[in-house]
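Single-structure report; data block below.
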Amino acid sequence: MEQAAAVSGGPGVPGYAAPRVPFFTQAAGFAALWPRVEPLLDEVIARGKYSHGPLVAAFEAALAERIGARHVVGVNSGTDALVLLLRATGLTPGSEVVVPAFSFVATASSVVLAGGRPVFADIEPDSYALDPDAAAAAVTRRSRAVMPAHLFCQTADLGALTEVAERYALTLVEDSAEAIGMRWDGVHAGLVGAGGVLSFFPSKTLGALGDAGAVITNDDRVAETAAALRHHGRFGRTVDNFPAINTGTALPGCNSKMDDFQAAILLAKLSTLDADIRRRGELALRYTEQLAGCPGVRRLPTLVRRDVETTPVFYVYLVEVDHRDALVRYLAAHGVETEVYYPTPLHLQPCFADLGHRRGQFPVAERACATAVALPLYPDLADADLDRVCALVRTFYGGGGA
């Protein structure tokens with residue numbers, strides 16, 4: 001791992017540069033993967049078909065087989081995948097979708113972009129996912145769907161949320177953008193309800209070298225519609241095997257096709273996905289062993305026991321801490337990068353001000369936004385760098401780093 005050149009001494013000494021621990025890098029892993037990637041990229045360049053071509057189809061097929069999905073529809077981002085999935089599952093203008101108050105903004109903005117209205121509900125304190133009881137309480141006569149987000153290392157309570165959806169005749173749609181490899185009772189995240197999505201943003205467990213995403217579903221019609229929407233609403237003009245019911249533009253769609261360069265990267269990285277998931281789990285365990293009992297660390301990742309078997313996958317190692325912002329500054333001064341998930345809950349985001357929410361409505365989400373921080377976690381992370389991060393956290397809360 002690249003480190004900044006350092007001189008003797010420490011912070012405050014002229015010329016000192018702390019060894020850097022990035023929040024994310026895939027430089028070493030990608031260098032090792034390059035022999036698999038290079039011939040695929042050469043194939044794309046030689047063919048001259050750079051978008052929506054045969055490598056996209058090959059990646060869709062390989063991913064579908066891996067996760068047990070009938071359909072994978074490659075698009076150009078996880079956010080677009082959410083928008084197209086909501087439209088493909090029948091969201092109509094003005095319909096409400098119940099979403100968690102704690103998530104990346106795309107969970108709620110995708111509802112708006114699909115023509116709907118997000119309705120927020122609080123989260124479970126341990127999983128950080130949509131609380132089923134809170135979701136049920138948020139349902140109104142205009143509600144048409146409920147969309148949990150599977151965050152950080154585990155799924156939402158899909159059993160209870162399925163019951164909520166059935167009770168109120170809602171469509172269960174999953175924001176499973178972070179959840180590749182996670183399973184609920186043997187079923188891959190995103191496939192329990194009408195459909196889900198995957199994001200291949202570079203830092204994701206399966207990441208591209210740019211933006212890319214996918215709609216995943218076992219519903220033929222949802223897949224067919226999403227595939228048309230990604231290509232300006234053109235049925236039958238896709239790389240998939242869906243029947244051509246209309247050779248013209250049947251729906252107002254958009255240009256959200258996955259490009260073959262990203263498909264080539266993702267095809268190659270599928271070969272290392274199992275090893276990457278194992279490495280992430282090893283690093284998460286190492287963090288937990290070293291930070292357990294540390295003063296000032298309020299909460300370590302908690303894997304919630306459900307009534308069915310679940311498969312966790314560590315995408316992010318999130319801790320709740322005292323004096324979060326001061327810790328972030330202290331770690332940054334020592335070369336350690338972190339990320340705050342999420343600095344502002346969704347109901348207090350300026351873009352949703354018209355919904356009329358106020359501070360205090362969703363206390364669990366608001367507490368998480370005030371105390372949670374993610375530490376570096378990725379397959380390239382060296383054990384020694386992780387140990388250094390933990391030592392710095394312990395020093396800070398021991399009084400030596402304030």
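FYI, nothing fancy with the structure tokens labels: chains A, B, ... in order, residues from 1 per chain, ligands from 1 as they appear.
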
| field | Residues flagged helix (DSSP H, G or I) by DSSP in region 112-201 of chain A, as a list in words | value |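 The residues of region 112-201 of chain A classed as helix (DSSP H, G or I) are Val112, Leu113, Pro132, Asp133, Ala134, Ala135, Ala136, Ala137, Ala138, Leu158, Gly159, Ala160, Leu161, Thr162, Glu163, Val164, Ala165, Glu166 and Arg167 of chain A.
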
Since we have the selection now, will you write its residues out, keeping N, CA and C atoms, as a short mmCIF file (atom, residue, chain, number, x, y, z; two decimals), in the first residue's frame?
```cif
data_model
loop_
_atom_site.label_atom_id
_atom_site.label_comp_id
_atom_site.auth_asym_id
_atom_site.auth_seq_id
_atom_site.Cartn_x
_atom_site.Cartn_y
_atom_site.Cartn_z
N VAL A 112 -38.95 9.75 -5.67
CA VAL A 112 -39.37 11.01 -6.30
C VAL A 112 -39.13 10.95 -7.80
N LEU A 113 -37.96 10.46 -8.21
CA LEU A 113 -37.63 10.40 -9.63
C LEU A 113 -38.53 9.44 -10.39
N PRO A 132 -39.96 -2.82 11.02
CA PRO A 132 -41.26 -3.26 10.48
C PRO A 132 -42.45 -2.61 11.16
N ASP A 133 -42.41 -2.44 12.48
CA ASP A 133 -43.53 -1.81 13.19
C ASP A 133 -43.67 -0.35 12.77
N ALA A 134 -42.53 0.34 12.65
CA ALA A 134 -42.57 1.73 12.23
C ALA A 134 -43.07 1.84 10.78
N ALA A 135 -42.68 0.88 9.95
CA ALA A 135 -43.15 0.88 8.57
C ALA A 135 -44.66 0.70 8.51
N ALA A 136 -45.17 -0.22 9.30
CA ALA A 136 -46.62 -0.45 9.32
C ALA A 136 -47.37 0.79 9.77
N ALA A 137 -46.81 1.49 10.76
CA ALA A 137 -47.47 2.70 11.27
C ALA A 137 -47.45 3.83 10.25
N ALA A 138 -46.53 3.77 9.29
CA ALA A 138 -46.41 4.84 8.30
C ALA A 138 -47.33 4.65 7.09
N LEU A 158 -36.79 -9.18 6.58
CA LEU A 158 -37.65 -9.39 5.42
C LEU A 158 -38.87 -10.24 5.73
N GLY A 159 -38.79 -11.05 6.77
CA GLY A 159 -39.97 -11.81 7.18
C GLY A 159 -41.07 -10.89 7.66
N ALA A 160 -40.74 -10.02 8.60
CA ALA A 160 -41.73 -9.10 9.15
C ALA A 160 -42.19 -8.09 8.10
N LEU A 161 -41.28 -7.63 7.25
CA LEU A 161 -41.66 -6.65 6.23
C LEU A 161 -42.53 -7.28 5.14
N THR A 162 -42.31 -8.55 4.85
CA THR A 162 -43.21 -9.25 3.92
C THR A 162 -44.62 -9.31 4.50
N GLU A 163 -44.72 -9.55 5.80
CA GLU A 163 -46.03 -9.58 6.45
C GLU A 163 -46.70 -8.20 6.37
N VAL A 164 -45.92 -7.13 6.58
CA VAL A 164 -46.47 -5.78 6.47
C VAL A 164 -46.99 -5.54 5.05
N ALA A 165 -46.19 -5.93 4.06
CA ALA A 165 -46.60 -5.74 2.67
C ALA A 165 -47.87 -6.50 2.36
N GLU A 166 -47.98 -7.73 2.82
CA GLU A 166 -49.17 -8.53 2.56
C GLU A 166 -50.38 -7.98 3.29
N ARG A 167 -50.18 -7.50 4.51
CA ARG A 167 -51.30 -6.99 5.31
C ARG A 167 -51.94 -5.77 4.65
#
```

| query | If you run DSSP on this backbone, which residues of region 36-254 of chain A come out as strand (DSSP E or B), and could you give them as a PyMOL selection string? | reply | chain A and resi 51+71-75+96-100+117-121+123+130+143-146+149+171-175+183-184+187-188+195-199+213-217+231+234+249

Export of the given selection (C-alpha atoms) as a PDB file, in the first residue's frame:
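Written out: part_13.pdb:
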```
ATOM      1  CA  SER A  51     -22.246  -0.040 -24.579  1.00  0.00           C
ATOM      2  CA  HIS A  71     -33.164 -11.948 -14.455  1.00  0.00           C
ATOM      3  CA  VAL A  72     -30.362  -9.410 -14.071  1.00  0.00           C
ATOM      4  CA  VAL A  73     -30.742  -6.149 -16.005  1.00  0.00           C
ATOM      5  CA  GLY A  74     -27.508  -4.155 -16.181  1.00  0.00           C
ATOM      6  CA  VAL A  75     -27.816  -0.370 -15.971  1.00  0.00           C
ATOM      7  CA  GLU A  96     -46.407   6.595  -1.540  1.00  0.00           C
ATOM      8  CA  VAL A  97     -43.450   4.347  -0.790  1.00  0.00           C
ATOM      9  CA  VAL A  98     -42.453   3.688   2.826  1.00  0.00           C
ATOM     10  CA  VAL A  99     -38.668   4.016   3.183  1.00  0.00           C
ATOM     11  CA  PRO A 100     -36.213   4.232   6.103  1.00  0.00           C
ATOM     12  CA  ARG A 117     -43.700  10.251  -2.704  1.00  0.00           C
ATOM     13  CA  PRO A 118     -41.374   8.888   0.006  1.00  0.00           C
ATOM     14  CA  VAL A 119     -42.857   8.316   3.452  1.00  0.00           C
ATOM     15  CA  PHE A 120     -40.230   7.909   6.154  1.00  0.00           C
ATOM     16  CA  ALA A 121     -40.166   5.486   9.059  1.00  0.00           C
ATOM     17  CA  ILE A 123     -35.020   2.080  11.818  1.00  0.00           C
ATOM     18  CA  LEU A 130     -36.329  -0.211   8.321  1.00  0.00           C
ATOM     19  CA  SER A 143     -49.191   3.724   0.083  1.00  0.00           C
ATOM     20  CA  ARG A 144     -48.336   1.342  -2.741  1.00  0.00           C
ATOM     21  CA  ALA A 145     -44.923  -0.061  -1.759  1.00  0.00           C
ATOM     22  CA  VAL A 146     -42.495  -0.558   1.091  1.00  0.00           C
ATOM     23  CA  ALA A 149     -32.539  -0.750   2.527  1.00  0.00           C
ATOM     24  CA  THR A 171     -45.368  -4.224  -3.160  1.00  0.00           C
ATOM     25  CA  LEU A 172     -42.152  -5.170  -1.366  1.00  0.00           C
ATOM     26  CA  VAL A 173     -39.208  -3.636  -3.231  1.00  0.00           C
ATOM     27  CA  GLU A 174     -35.668  -3.969  -1.885  1.00  0.00           C
ATOM     28  CA  ASP A 175     -32.911  -1.385  -1.940  1.00  0.00           C
ATOM     29  CA  ARG A 183     -29.180 -13.941   1.886  1.00  0.00           C
ATOM     30  CA  TRP A 184     -32.455 -14.318   3.751  1.00  0.00           C
ATOM     31  CA  VAL A 187     -32.724 -16.338  -0.970  1.00  0.00           C
ATOM     32  CA  HIS A 188     -30.383 -13.620  -2.184  1.00  0.00           C
ATOM     33  CA  GLY A 195     -37.217  -7.178  -7.095  1.00  0.00           C
ATOM     34  CA  GLY A 196     -34.110  -5.449  -5.889  1.00  0.00           C
ATOM     35  CA  VAL A 197     -31.014  -3.688  -7.124  1.00  0.00           C
ATOM     36  CA  LEU A 198     -27.254  -3.930  -6.936  1.00  0.00           C
ATOM     37  CA  SER A 199     -24.798  -1.066  -7.085  1.00  0.00           C
ATOM     38  CA  GLY A 213     -25.736  -1.119 -11.354  1.00  0.00           C
ATOM     39  CA  ALA A 214     -28.383  -3.744 -11.978  1.00  0.00           C
ATOM     40  CA  VAL A 215     -32.024  -4.554 -11.410  1.00  0.00           C
ATOM     41  CA  ILE A 216     -32.457  -8.114 -10.113  1.00  0.00           C
ATOM     42  CA  THR A 217     -35.782  -9.940 -10.075  1.00  0.00           C
ATOM     43  CA  HIS A 231     -33.071   1.762 -23.407  1.00  0.00           C
ATOM     44  CA  ARG A 234     -37.750   0.096 -26.445  1.00  0.00           C
ATOM     45  CA  THR A 249     -40.769   3.021 -28.141  1.00  0.00           C
TER      46      THR A 249
END
```

| remark: Computed gap from CA of Ala81 (chain A) to CA of Asp42 (chain A) is 27.7 Å

| Can you list, as a list of chain:residue names, every protein, DNA or RNA residue that comes within 10 Å of Gly181 (chain A) when you count only C-alpha atoms, leaving out same-chain residues fewer than 4 positions away? | A:Arg66, A:Ile67, A:Cys153, A:Gln154, A:Val187, A:His188, A:Ala189, A:Thr205, A:Leu206, A:Leu273, A:Asp274, A:Ile277, A:Thr311, A:Pro312, A:Val313, A:Phe314, A:Tyr315

Please write the residues from the selection above to a file, keeping C-alpha atoms, as a short mmCIF file (atom, residue, chain, number, x, y, z; two decimals), in the first residue's frame.
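Saved file part-v1.cif follows:
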```cif
data_model
loop_
_atom_site.label_atom_id
_atom_site.label_comp_id
_atom_site.auth_asym_id
_atom_site.auth_seq_id
_atom_site.Cartn_x
_atom_site.Cartn_y
_atom_site.Cartn_z
CA ARG A 66 -24.44 -16.77 -9.03
CA ILE A 67 -27.24 -15.12 -7.04
CA CYS A 153 -23.51 -6.04 6.74
CA GLN A 154 -27.01 -7.56 6.93
CA VAL A 187 -32.72 -16.34 -0.97
CA HIS A 188 -30.38 -13.62 -2.18
CA ALA A 189 -31.17 -10.10 -1.00
CA THR A 205 -18.20 -5.46 -2.34
CA LEU A 206 -18.38 -6.09 -6.10
CA LEU A 273 -15.81 -12.19 -5.05
CA ASP A 274 -15.84 -15.13 -2.63
CA ILE A 277 -16.14 -11.45 1.00
CA THR A 311 -26.00 -14.67 5.49
CA PRO A 312 -24.17 -11.46 6.47
CA VAL A 313 -21.56 -9.80 4.28
CA PHE A 314 -19.45 -6.93 5.59
CA TYR A 315 -19.56 -4.07 3.14
#
```

| said: Show me, as a list in words, the residues that have an atom within 8 Å of Ala263 (chain A) when counting only C-alpha atoms, minus same-chain residues fewer than 4 positions from it. | reply: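 Everything that qualifies: Leu55, Val56, Phe59, Ala208, Met258, Asp259 and Leu267 of chain A.
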
Include C-alpha atoms and write out the residues we just selected as a PDB file, in the first residue's frame.
```pdb
ATOM      1  CA  LEU A  55     -20.076  -8.485 -22.380  1.00  0.00           C
ATOM      2  CA  VAL A  56     -23.022  -6.876 -20.617  1.00  0.00           C
ATOM      3  CA  PHE A  59     -22.099 -10.431 -17.031  1.00  0.00           C
ATOM      4  CA  ALA A 208     -16.508  -1.528 -11.041  1.00  0.00           C
ATOM      5  CA  MET A 258     -24.340  -0.463 -18.754  1.00  0.00           C
ATOM      6  CA  ASP A 259     -21.179  -0.052 -20.799  1.00  0.00           C
ATOM      7  CA  LEU A 267     -16.937 -10.215 -15.056  1.00  0.00           C
TER       8      LEU A 267
END
```

| task | Please provide as a list in words all residues within 9 Å of Leu377 (chain A), with the sequence filter that same-chain residues fewer than 5 positions apart are discarded (counting only C-alpha atoms). | result | Phe23, Phe24, Arg280, Leu283, Ala284, Phe314, Tyr315, Val316, Tyr317 and Leu386 of chain A

| field | Closest of A:Ala101, A:Ala28, A:Ala156, A:Ala64 to Pro363 (chain A) - atom-to-atom distances counting only C-alpha atoms | value | A:Ala101
